[in-house]
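Reproduced below: run12.txt, with compact mmCIF, C-alpha atoms.
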```txt
# COMPACT_ATOMS: atom_id res chain seq x y z
CA MET A 157 57.79 163.82 335.38
CA GLN A 158 58.54 166.71 337.68
CA ALA A 159 61.91 165.48 339.03
CA LEU A 160 63.19 165.14 335.46
CA GLN A 161 61.98 168.59 334.38
CA ASP A 162 63.56 170.14 337.47
CA ARG A 163 66.84 168.37 336.74
CA ILE A 164 66.82 169.51 333.10
CA ARG A 165 66.23 173.10 334.28
CA ARG A 166 69.07 172.81 336.80
CA ASP A 167 71.71 170.79 334.91
CA GLY A 168 70.74 170.87 331.23
CA ARG A 169 72.73 173.21 329.00
CA VAL A 170 70.91 174.83 326.11
CA LEU A 171 73.52 175.42 323.40
CA SER A 172 71.08 176.65 320.75
CA ALA A 173 67.37 176.55 319.91
CA ASN A 174 67.96 172.94 318.82
CA VAL A 175 70.68 171.54 321.05
CA LEU A 176 70.19 170.56 324.68
CA LYS A 177 73.10 168.90 326.48
CA VAL A 178 72.05 166.55 329.27
CA ASP A 179 75.33 164.67 329.39
CA SER A 180 75.96 165.40 333.05
CA PHE A 181 73.07 163.19 334.20
CA LEU A 182 71.38 161.33 331.29
CA ASN A 183 73.65 160.30 328.43
CA HIS A 184 77.37 160.38 329.24
CA GLN A 185 77.58 160.75 332.99
CA VAL A 186 74.40 159.15 334.34
CA ASP A 187 72.47 159.55 337.60
CA PRO A 188 71.42 155.97 338.40
CA GLN A 189 68.69 156.91 340.88
CA LEU A 190 67.00 159.22 338.36
CA THR A 191 67.38 156.47 335.72
CA LEU A 192 65.60 154.05 338.08
CA GLU A 193 62.73 156.53 338.54
CA ILE A 194 62.49 157.05 334.77
CA GLY A 195 62.19 153.28 334.25
CA GLN A 196 59.49 153.08 336.93
CA ALA A 197 57.57 155.90 335.24
CA PHE A 198 57.66 154.12 331.86
CA ALA A 199 56.65 150.85 333.50
CA ASP A 200 53.67 152.53 335.20
CA LEU A 201 52.51 153.97 331.86
CA PHE A 202 52.58 150.64 330.03
CA ARG A 203 52.17 147.96 332.73
CA ALA A 204 48.48 147.32 332.04
CA GLU A 205 49.28 146.31 328.44
CA GLY A 206 50.90 142.96 329.24
CA VAL A 207 54.34 143.97 327.95
CA THR A 208 56.68 141.03 327.26
CA LYS A 209 59.75 142.91 326.05
CA VAL A 210 61.40 146.33 326.13
CA LEU A 211 63.31 147.39 323.01
CA THR A 212 65.87 150.18 322.63
CA ILE A 213 68.88 151.12 320.51
CA GLU A 214 72.51 151.34 321.58
CA ALA A 215 73.99 153.20 323.28
CA SER A 216 72.09 155.89 325.14
CA GLY A 217 68.79 154.02 325.43
CA ILE A 218 70.28 151.03 327.22
CA HIS A 219 70.15 152.21 330.83
CA PHE A 220 66.54 153.40 330.47
CA ALA A 221 65.54 150.09 328.87
CA LEU A 222 67.17 148.25 331.76
CA THR A 223 65.28 150.12 334.48
CA THR A 224 62.00 149.86 332.55
CA ALA A 225 62.51 146.12 332.06
CA LEU A 226 63.44 145.70 335.72
CA ALA A 227 60.21 147.39 336.81
CA LEU A 228 58.14 145.32 334.35
CA GLN A 229 60.04 142.09 335.13
CA VAL A 230 60.63 141.32 331.44
CA PRO A 231 63.84 141.13 329.34
CA PHE A 232 65.05 144.01 327.22
CA VAL A 233 66.77 143.97 323.83
CA TYR A 234 69.07 146.64 322.45
CA ALA A 235 69.28 146.99 318.71
CA LYS A 236 72.82 147.25 317.34
CA LYS A 237 74.02 150.01 315.06
CA LYS A 238 76.47 149.32 312.30
CA LYS A 239 77.78 151.49 309.48
CA ALA A 240 77.24 148.63 307.08
CA VAL A 241 76.02 145.15 307.79
CA THR A 242 76.02 142.00 305.76
CA LEU A 243 72.34 141.14 305.66
CA THR A 244 71.82 137.74 307.15
CA GLU A 245 68.69 135.68 307.60
CA ASP A 246 69.20 135.76 311.37
CA LEU A 247 68.66 139.51 311.75
CA TYR A 248 65.89 142.05 311.33
CA THR A 249 67.73 145.00 309.78
CA VAL A 250 66.49 148.49 308.86
CA PRO A 251 68.34 151.65 307.79
CA VAL A 252 68.15 154.61 310.17
CA HIS A 253 69.35 158.09 309.30
CA SER A 254 71.05 159.98 312.11
CA PHE A 255 70.14 163.64 311.89
CA THR A 256 72.86 164.59 314.40
CA ARG A 257 75.64 162.71 312.63
CA GLN A 258 74.34 163.05 309.07
CA GLU A 259 74.95 159.35 308.50
CA THR A 260 72.82 156.32 307.78
CA PHE A 261 73.26 153.29 310.03
CA GLN A 262 71.99 149.77 309.69
CA VAL A 263 70.10 148.88 312.86
CA SER A 264 69.54 145.24 313.65
CA VAL A 265 67.99 142.83 316.12
CA SER A 266 68.48 139.08 316.18
CA LYS A 267 65.37 137.19 315.10
CA SER A 268 65.80 134.98 318.16
CA TYR A 269 64.82 137.80 320.51
CA LEU A 270 61.67 139.26 318.97
CA SER A 271 58.72 137.20 317.79
CA ALA A 272 55.06 137.44 316.84
CA ASP A 273 54.10 136.61 320.44
CA ASP A 274 55.82 139.71 321.85
CA ARG A 275 54.13 142.83 323.16
CA VAL A 276 56.84 145.48 322.92
CA VAL A 277 57.52 148.85 324.51
CA ILE A 278 60.23 150.91 322.80
CA VAL A 279 62.20 153.40 324.92
CA ASP A 280 64.93 155.89 324.07
CA ASP A 281 66.58 158.96 325.56
CA PHE A 282 65.40 161.52 322.95
CA LEU A 283 62.46 161.89 320.60
CA ALA A 284 63.24 164.60 318.03
CA THR A 285 62.89 163.75 314.33
CA GLY A 286 61.80 160.24 315.32
CA ASP A 287 64.13 158.45 312.89
CA ALA A 288 65.53 155.97 315.40
CA LEU A 289 62.13 155.23 316.91
CA MET A 290 60.49 154.82 313.48
CA GLY A 291 63.27 152.34 312.66
CA LEU A 292 62.68 150.36 315.84
CA ARG A 293 58.93 150.37 315.09
CA GLU A 294 59.73 148.89 311.68
CA ILE A 295 61.77 146.12 313.34
CA VAL A 296 58.82 145.31 315.64
CA GLY A 297 56.69 145.09 312.49
CA LEU A 298 59.17 142.77 310.73
CA ALA A 299 58.94 140.45 313.73
CA GLY A 300 55.14 140.49 313.56
CA ALA A 301 55.13 141.60 317.21
CA HIS A 302 52.63 144.03 318.75
CA LEU A 303 53.92 147.53 319.50
CA VAL A 304 52.34 148.68 322.76
CA GLY A 305 53.89 152.15 322.65
CA VAL A 306 56.96 154.35 322.75
CA GLY A 307 58.50 156.04 325.78
CA ALA A 308 60.97 158.90 325.34
CA VAL A 309 62.81 160.46 328.24
CA VAL A 310 63.02 163.89 326.57
CA GLU A 311 60.88 165.06 323.67
CA LYS A 312 61.73 168.04 321.50
CA SER A 313 58.09 168.82 320.82
CA PHE A 314 59.04 171.48 318.25
CA GLN A 315 60.32 168.71 315.96
CA ASN A 316 58.09 166.27 314.11
CA GLY A 317 58.99 162.93 315.72
CA ARG A 318 55.82 162.63 317.80
CA SER A 319 53.50 163.44 314.90
CA ARG A 320 55.28 160.95 312.62
CA LEU A 321 54.75 158.20 315.21
CA GLU A 322 51.17 159.18 316.03
CA GLU A 323 50.25 159.32 312.34
CA VAL A 324 51.03 155.61 312.07
CA GLY A 325 49.00 154.85 315.20
CA VAL A 326 51.76 154.64 317.80
CA ARG A 327 51.02 155.65 321.40
CA VAL A 328 53.76 158.05 322.53
CA HIS A 329 54.70 159.08 326.07
CA ALA A 330 57.49 161.50 326.90
CA LEU A 331 58.54 162.31 330.46
CA ALA A 332 59.75 165.82 329.65
CA ARG A 333 58.28 167.64 326.63
CA ILE A 334 60.21 170.68 325.49
CA GLU A 335 58.10 173.27 323.71
CA SER A 336 61.01 175.59 322.94
CA MET A 337 64.42 176.54 324.26
CA SER A 338 67.15 179.11 323.89
CA PRO A 339 70.48 179.82 325.56
CA GLU A 340 69.04 183.11 326.87
CA THR A 341 65.72 181.99 328.32
CA GLY A 342 66.40 178.30 328.93
CA VAL A 343 63.86 175.52 328.49
CA LYS A 344 60.10 175.98 328.19
CA PHE A 345 58.15 172.76 328.76
CA VAL A 346 54.79 171.90 327.17
CA GLU A 347 52.07 172.71 329.71
CA THR A 348 50.35 169.51 330.66
CA GLN A 349 46.61 169.83 331.02
CA LYS A 350 45.65 169.66 334.68
CA GLU A 351 42.61 167.70 335.81
CA ALA A 352 39.87 170.13 336.86
CA THR A 353 39.70 170.15 340.66
CA PRO A 354 36.22 169.01 341.64
CA VAL A 355 34.28 171.52 343.74
CA CYS A 356 33.05 169.72 346.83
CA MET B 366 79.17 134.11 340.99
CA GLN B 367 77.30 130.84 340.87
CA ALA B 368 74.06 132.13 339.27
CA LEU B 369 76.06 133.62 336.40
CA GLN B 370 78.13 130.48 335.82
CA ASP B 371 74.97 128.36 335.84
CA ARG B 372 73.35 130.72 333.32
CA ILE B 373 76.40 130.62 331.03
CA ARG B 374 76.33 126.81 331.16
CA ARG B 375 72.61 126.79 330.37
CA ASP B 376 72.22 129.61 327.81
CA GLY B 377 75.72 130.44 326.54
CA ARG B 378 76.63 129.10 323.11
CA VAL B 379 80.23 128.09 322.52
CA LEU B 380 80.90 128.65 318.82
CA SER B 381 84.62 127.87 318.96
CA ALA B 382 87.49 127.66 321.45
CA ASN B 383 87.50 131.49 321.40
CA VAL B 384 83.91 132.60 320.84
CA LEU B 385 81.19 132.44 323.49
CA LYS B 386 77.80 133.94 322.62
CA VAL B 387 75.89 135.24 325.63
CA ASP B 388 73.56 137.45 323.63
CA SER B 389 70.38 135.82 324.93
CA PHE B 390 70.91 137.21 328.45
CA LEU B 391 73.95 139.55 328.71
CA ASN B 392 74.70 141.63 325.64
CA HIS B 393 71.87 141.87 323.12
CA GLN B 394 68.83 140.52 324.90
CA VAL B 395 69.44 141.21 328.61
CA ASP B 396 68.07 139.64 331.80
CA PRO B 397 67.54 142.69 334.05
CA GLN B 398 67.37 140.73 337.32
CA LEU B 399 70.70 138.99 336.63
CA THR B 400 72.15 142.39 335.66
CA LEU B 401 71.01 143.78 339.01
CA GLU B 402 72.71 140.90 340.85
CA ILE B 403 75.91 141.41 338.83
CA GLY B 404 75.96 145.09 339.83
CA GLN B 405 75.43 144.17 343.47
CA ALA B 406 78.30 141.67 343.29
CA PHE B 407 80.67 144.32 341.85
CA ALA B 408 79.52 146.82 344.46
CA ASP B 409 80.19 144.33 347.29
CA LEU B 410 83.72 143.71 345.96
CA PHE B 411 84.67 147.40 345.83
CA ARG B 412 82.39 149.15 348.35
CA ALA B 413 85.06 149.43 351.07
CA GLU B 414 87.26 151.50 348.74
CA GLY B 415 85.20 154.70 348.83
CA VAL B 416 84.32 154.57 345.14
CA THR B 417 83.04 157.90 343.73
CA LYS B 418 82.44 156.87 340.11
CA VAL B 419 81.87 153.83 337.91
CA LEU B 420 83.35 153.95 334.40
CA THR B 421 82.52 151.77 331.40
CA ILE B 422 82.52 151.88 327.61
CA GLU B 423 79.54 151.89 325.27
CA ALA B 424 77.58 149.87 324.51
CA SER B 425 77.61 146.52 326.29
CA GLY B 426 79.10 147.74 329.57
CA ILE B 427 76.37 150.31 330.20
CA HIS B 428 73.76 148.17 331.95
CA PHE B 429 76.37 146.63 334.27
CA ALA B 430 77.75 150.09 335.10
CA LEU B 431 74.24 151.27 335.91
CA THR B 432 73.49 148.47 338.37
CA THR B 433 76.94 148.78 339.98
CA ALA B 434 76.50 152.55 340.34
CA LEU B 435 72.99 152.07 341.72
CA ALA B 436 74.28 149.71 344.41
CA LEU B 437 77.18 152.06 345.27
CA GLN B 438 74.97 155.18 345.08
CA VAL B 439 77.42 157.02 342.80
CA PRO B 440 77.15 158.24 339.18
CA PHE B 441 78.51 156.25 336.27
CA VAL B 442 80.14 157.47 333.07
CA TYR B 443 80.23 155.64 329.75
CA ALA B 444 83.12 156.37 327.44
CA LYS B 445 82.13 157.00 323.84
CA LYS B 446 83.61 155.18 320.88
CA LYS B 447 84.22 156.96 317.62
CA LYS B 448 85.95 155.86 314.46
CA ALA B 449 87.78 159.17 314.38
CA VAL B 450 87.46 162.08 316.70
CA THR B 451 88.59 165.65 316.45
CA LEU B 452 90.76 165.98 319.52
CA THR B 453 89.41 168.74 321.69
CA GLU B 454 90.61 170.14 324.97
CA ASP B 455 87.36 169.06 326.61
CA LEU B 456 87.93 165.31 326.20
CA TYR B 457 90.29 162.63 327.47
CA THR B 458 90.82 160.51 324.34
CA VAL B 459 92.78 157.28 323.84
CA PRO B 460 92.96 154.83 320.93
CA VAL B 461 91.62 151.32 321.57
CA HIS B 462 92.06 148.43 319.19
CA SER B 463 89.10 146.08 318.87
CA PHE B 464 90.32 142.53 318.45
CA THR B 465 86.83 141.33 317.41
CA ARG B 466 86.31 144.02 314.78
CA GLN B 467 89.94 144.48 313.75
CA GLU B 468 89.51 148.25 313.98
CA THR B 469 90.94 151.03 316.10
CA PHE B 470 88.48 153.34 317.82
CA GLN B 471 89.02 156.60 319.62
CA VAL B 472 87.52 156.30 323.08
CA SER B 473 86.72 159.46 324.96
CA VAL B 474 85.35 160.86 328.20
CA SER B 475 84.48 164.47 328.88
CA LYS B 476 86.92 166.12 331.28
CA SER B 477 83.93 167.43 333.22
CA TYR B 478 83.05 163.97 334.49
CA LEU B 479 86.35 162.55 335.72
CA SER B 480 88.75 164.42 337.98
CA ALA B 481 91.72 163.94 340.28
CA ASP B 482 89.33 163.60 343.24
CA ASP B 483 87.64 160.52 341.80
CA ARG B 484 88.07 156.94 343.00
CA VAL B 485 87.02 154.89 339.99
CA VAL B 486 85.83 151.33 339.40
CA ILE B 487 85.85 150.22 335.75
CA VAL B 488 83.34 147.56 334.67
CA ASP B 489 82.73 145.81 331.36
CA ASP B 490 81.01 142.72 330.02
CA PHE B 491 84.12 140.84 328.82
CA LEU B 492 87.80 140.71 329.76
CA ALA B 493 89.75 138.96 326.98
CA THR B 494 92.75 140.73 325.47
CA GLY B 495 92.11 143.64 327.84
CA ASP B 496 92.40 146.35 325.17
CA ALA B 497 89.24 148.22 326.11
CA LEU B 498 89.97 148.02 329.83
CA MET B 499 93.60 149.13 329.36
CA GLY B 500 92.23 152.10 327.39
CA LEU B 501 89.80 153.02 330.16
CA ARG B 502 92.64 152.69 332.69
CA GLU B 503 94.63 155.16 330.61
CA ILE B 504 91.71 157.62 330.68
CA VAL B 505 91.54 157.33 334.48
CA GLY B 506 95.27 158.10 334.50
CA LEU B 507 94.86 161.14 332.23
CA ALA B 508 92.28 162.49 334.68
CA GLY B 509 94.69 161.96 337.58
CA ALA B 510 91.98 159.90 339.28
CA HIS B 511 92.60 156.82 341.44
CA LEU B 512 91.74 153.46 339.87
CA VAL B 513 90.26 151.24 342.57
CA GLY B 514 89.91 148.20 340.33
CA VAL B 515 88.33 146.51 337.35
CA GLY B 516 85.24 144.29 337.33
CA ALA B 517 84.52 142.05 334.35
CA VAL B 518 81.35 140.01 334.06
CA VAL B 519 83.03 137.24 332.04
CA GLU B 520 86.77 136.63 331.80
CA LYS B 521 88.39 134.53 329.12
CA SER B 522 91.20 133.44 331.41
CA PHE B 523 93.02 131.77 328.52
CA GLN B 524 93.70 135.21 327.03
CA ASN B 525 96.14 137.72 328.44
CA GLY B 526 93.86 140.59 329.53
CA ARG B 527 94.08 139.85 333.26
CA SER B 528 97.87 139.55 333.28
CA ARG B 529 98.26 142.81 331.31
CA LEU B 530 96.14 144.63 333.91
CA GLU B 531 97.76 142.95 336.92
CA GLU B 532 101.24 143.71 335.59
CA VAL B 533 100.47 147.41 335.84
CA GLY B 534 99.10 146.99 339.36
CA VAL B 535 95.36 146.87 338.68
CA ARG B 536 93.12 144.80 340.96
CA VAL B 537 90.93 142.60 338.74
CA HIS B 538 87.72 140.78 339.65
CA ALA B 539 85.72 138.65 337.24
CA LEU B 540 82.42 137.03 338.14
CA ALA B 541 82.82 134.09 335.75
CA ARG B 542 86.33 132.99 334.76
CA ILE B 543 86.51 130.68 331.77
CA GLU B 544 89.55 128.42 331.75
CA SER B 545 88.75 126.86 328.39
CA MET B 546 85.81 126.06 326.16
CA SER B 547 84.84 124.10 323.08
CA PRO B 548 81.62 123.43 321.17
CA GLU B 549 81.90 119.74 322.11
CA THR B 550 82.59 119.93 325.85
CA GLY B 551 81.16 123.38 326.69
CA VAL B 552 82.65 125.79 329.20
CA LYS B 553 85.19 124.90 331.89
CA PHE B 554 85.44 127.53 334.63
CA VAL B 555 88.57 128.30 336.65
CA GLU B 556 88.28 126.43 339.95
CA THR B 557 88.04 128.94 342.75
CA GLN B 558 89.92 127.94 345.86
CA LYS B 559 87.45 126.83 348.53
CA GLU B 560 87.92 127.70 352.19
CA ALA B 561 88.94 124.61 354.12
CA THR B 562 85.95 123.31 356.07
CA PRO B 563 86.84 123.40 359.76
CA VAL B 564 86.62 120.05 361.56
CA CYS B 565 84.41 120.49 364.60
```

Target encoding structure tokens, full file:
Amino acid sequence: MQALQDRIRRDGRVLSANVLKVDSFLNHQVDPQLTLEIGQAFADLFRAEGVTKVLTIEASGIHFALTTALALQVPFVYAKKKKAVTLTEDLYTVPVHSFTRQETFQVSVSKSYLSADDRVVIVDDFLATGDALMGLREIVGLAGAHLVGVGAVVEKSFQNGRSRLEEVGVRVHALARIESMSPETGVKFVETQKEATPVC
Amino acid sequence: MQALQDRIRRDGRVLSANVLKVDSFLNHQVDPQLTLEIGQAFADLFRAEGVTKVLTIEASGIHFALTTALALQVPFVYAKKKKAVTLTEDLYTVPVHSFTRQETFQVSVSKSYLSADDRVVIVDDFLATGDALMGLREIVGLAGAHLVGVGAVVEKSFQNGRSRLEEVGVRVHALARIESMSPETGVKFVETQKEATPVC
């Protein structure tokens, strides 16, 4: 998604080879128009699959789930994060390790809002180690629902999140794929393969 | 807002005189179209005030802040909640007590995203004791910004949140104001004063 890559180049701040701050437009202060376009892009990628529900995790996936759900005209569900949770029969709960915070959270979704009839798209702001997204995938599995695919706004392609998801058969789309970055040279995106221009 | 009141009557679950569950359409599973209409309603209430920024708190205010910001064509900012936070010079931080969780959180906003030039509308899903909204008001004050008003999706009018905000001069709008509720009789909304019908 060109508008997103341009915005990351302009307003993203690369603090190290691992840390990209996008909190001026994606995940603290948020540009609503860009968020709308991101949701439309996810919806276009998955619309043909008969999606019935969009799933994300609080907090920074919520606005992207909303705009995706709006474009697909289906509800969205945000999984809740707790330090510890009393397991109840009403919830699907899985542990998720946060690499950034070096903590393990319990992530849960009410059984009322995900069922075997659902065809689910998972969206989130970042795909890096893939822990959160693997956890959400597990919740979709517990519900017996069908996972259509995963949409990440920004992918750190130099980490192993995508390969972990693809190894278990998940279709992954990211709107901006970062190959590498550094405070000196900025962000280098993965080159997307261009269609060969037909010679007429 | 009639559509919201009707939806609360239909899908809200009153667990006690104090607890209303709206997690099938507002704050766990979310109806995106209703969320869009809620944002438009907030925007209509505050548009004349030259709003420059919408402020909310993670997680369940985020989708309402997005749709309000979209309708007003301004950015939104979501304050972050932490159990404990190392105070830094880059953040406005205030303590907020959560009545539901019986815990005190540190709530913070980066100084980069709120300034003395801003005219701010605060939105959130619930107004009950008003603790979260009073905390966000304090952050607006720390930034030296102008607080245009507060929009709550659902107000528990039998609690003191509204009066705490109004006592310090804050304009408060709620889209559904609950006068009282019980599992037996359901939800009773505050009667809004109707315009007298002119006799022709």

key: Contact residues around Val346 in chain A with all atoms listed in the file at 7 Å, ignoring same-chain residues under 5 positions, as a ChimeraX atom specification   = /A:333-335

task = In the coordinates of the file, take the point (69.2, 149.9, 306.3) and a cut-off of 6 Å; then, counting only C-alpha atoms, name each qualifying protein, DNA or RNA residue as a list in words.
result =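 Returned residue set, sorted by chain then number, is Val250, Pro251 and Gln262 of chain A.
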
Same residues, C-alpha atoms, output as a PDB file, in the coordinates of the input:
```
ATOM      1  CA  VAL A 250      66.490 148.490 308.860  1.00  0.00           C
ATOM      2  CA  PRO A 251      68.340 151.650 307.790  1.00  0.00           C
ATOM      3  CA  GLN A 262      71.990 149.770 309.690  1.00  0.00           C
TER       4      GLN A 262
END
```

Quick check: residues of chain A within 6 Å of chain B, only C-alpha atoms, returned as a PDB file with C-alpha atoms, keeping the file's coordinate frame.
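This is the output file out.pdb:
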```pdb
ATOM      1  CA  HIS A 184      77.370 160.380 329.240  1.00  0.00           C
ATOM      2  CA  GLN A 185      77.580 160.750 332.990  1.00  0.00           C
ATOM      3  CA  VAL A 186      74.400 159.150 334.340  1.00  0.00           C
ATOM      4  CA  ASP A 187      72.470 159.550 337.600  1.00  0.00           C
ATOM      5  CA  PRO A 188      71.420 155.970 338.400  1.00  0.00           C
ATOM      6  CA  ALA A 215      73.990 153.200 323.280  1.00  0.00           C
ATOM      7  CA  HIS A 219      70.150 152.210 330.830  1.00  0.00           C
ATOM      8  CA  LEU A 226      63.440 145.700 335.720  1.00  0.00           C
ATOM      9  CA  PRO A 231      63.840 141.130 329.340  1.00  0.00           C
ATOM     10  CA  PHE A 232      65.050 144.010 327.220  1.00  0.00           C
ATOM     11  CA  VAL A 233      66.770 143.970 323.830  1.00  0.00           C
ATOM     12  CA  TYR A 234      69.070 146.640 322.450  1.00  0.00           C
TER      13      TYR A 234
END
```

Nearest-residue call for Lys521 in chain B, choices B:Ala481, B:Met546, B:Ala413, B:Val461, using only C-alpha atoms = B:Met546

What are the centre and the three edge lengths of an axis-aligned box that wraps all atoms of range 425-440 of chain B in the file, given that 8 Å is added to every side, written as JSON and rounded to one decimal in Å?
```
{"center_x": 76.0, "center_y": 152.4, "center_z": 335.8, "size_x": 22.1, "size_y": 27.7, "size_z": 35.0}
```

query = Distance CA of Gly526 in chain B-CA of Lys476 in chain B, one decimal place?
reply =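 We find that CA of Gly526 in chain B and CA of Lys476 in chain B lie 26.5 Å from each other.
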
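Across the structure, CA of Val505 in chain B and CA of Asn525 in chain B are spaced 21.0 Å apart.
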
task = Skip Ala308 in chain A itself and residues of its chain fewer than 3 positions away, then list as a VMD selection string all residues within 12 Å of it, counting all atoms listed in the file.
result = chain A and resid 157 194 to 195 197 to 198 201 211 to 212 216 to 217 220 to 221 224 277 to 284 286 288 to 289 305 311 to 313 317 to 318 321 327 to 334

message = Just to confirm, what's the straight-line distance from CA of Leu501 in chain B to CA of Thr256 in chain A in Å (one decimal)?
response = 25.9 Å

query = Using only C-alpha atoms, which residues sit within 10 Å of Gly415 in chain B once same-chain residues fewer than 4 positions away are excluded, as a PyMOL selection string?
reply = chain B and resi 411+437+483-485+513

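Considering all atoms listed in the file, the residue among A:Glu205, A:Leu171, A:Ser338, A:Tyr248 positioned nearest to Leu298 in chain A is A:Tyr248.
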
message = Around the point (95.9, 149.4, 333.0) (coordinates from the file), which residues reach within 6 Å if we count all atoms listed in the file? Answer as a PyMOL selection string.
response = chain B and resi 499+502+530+533
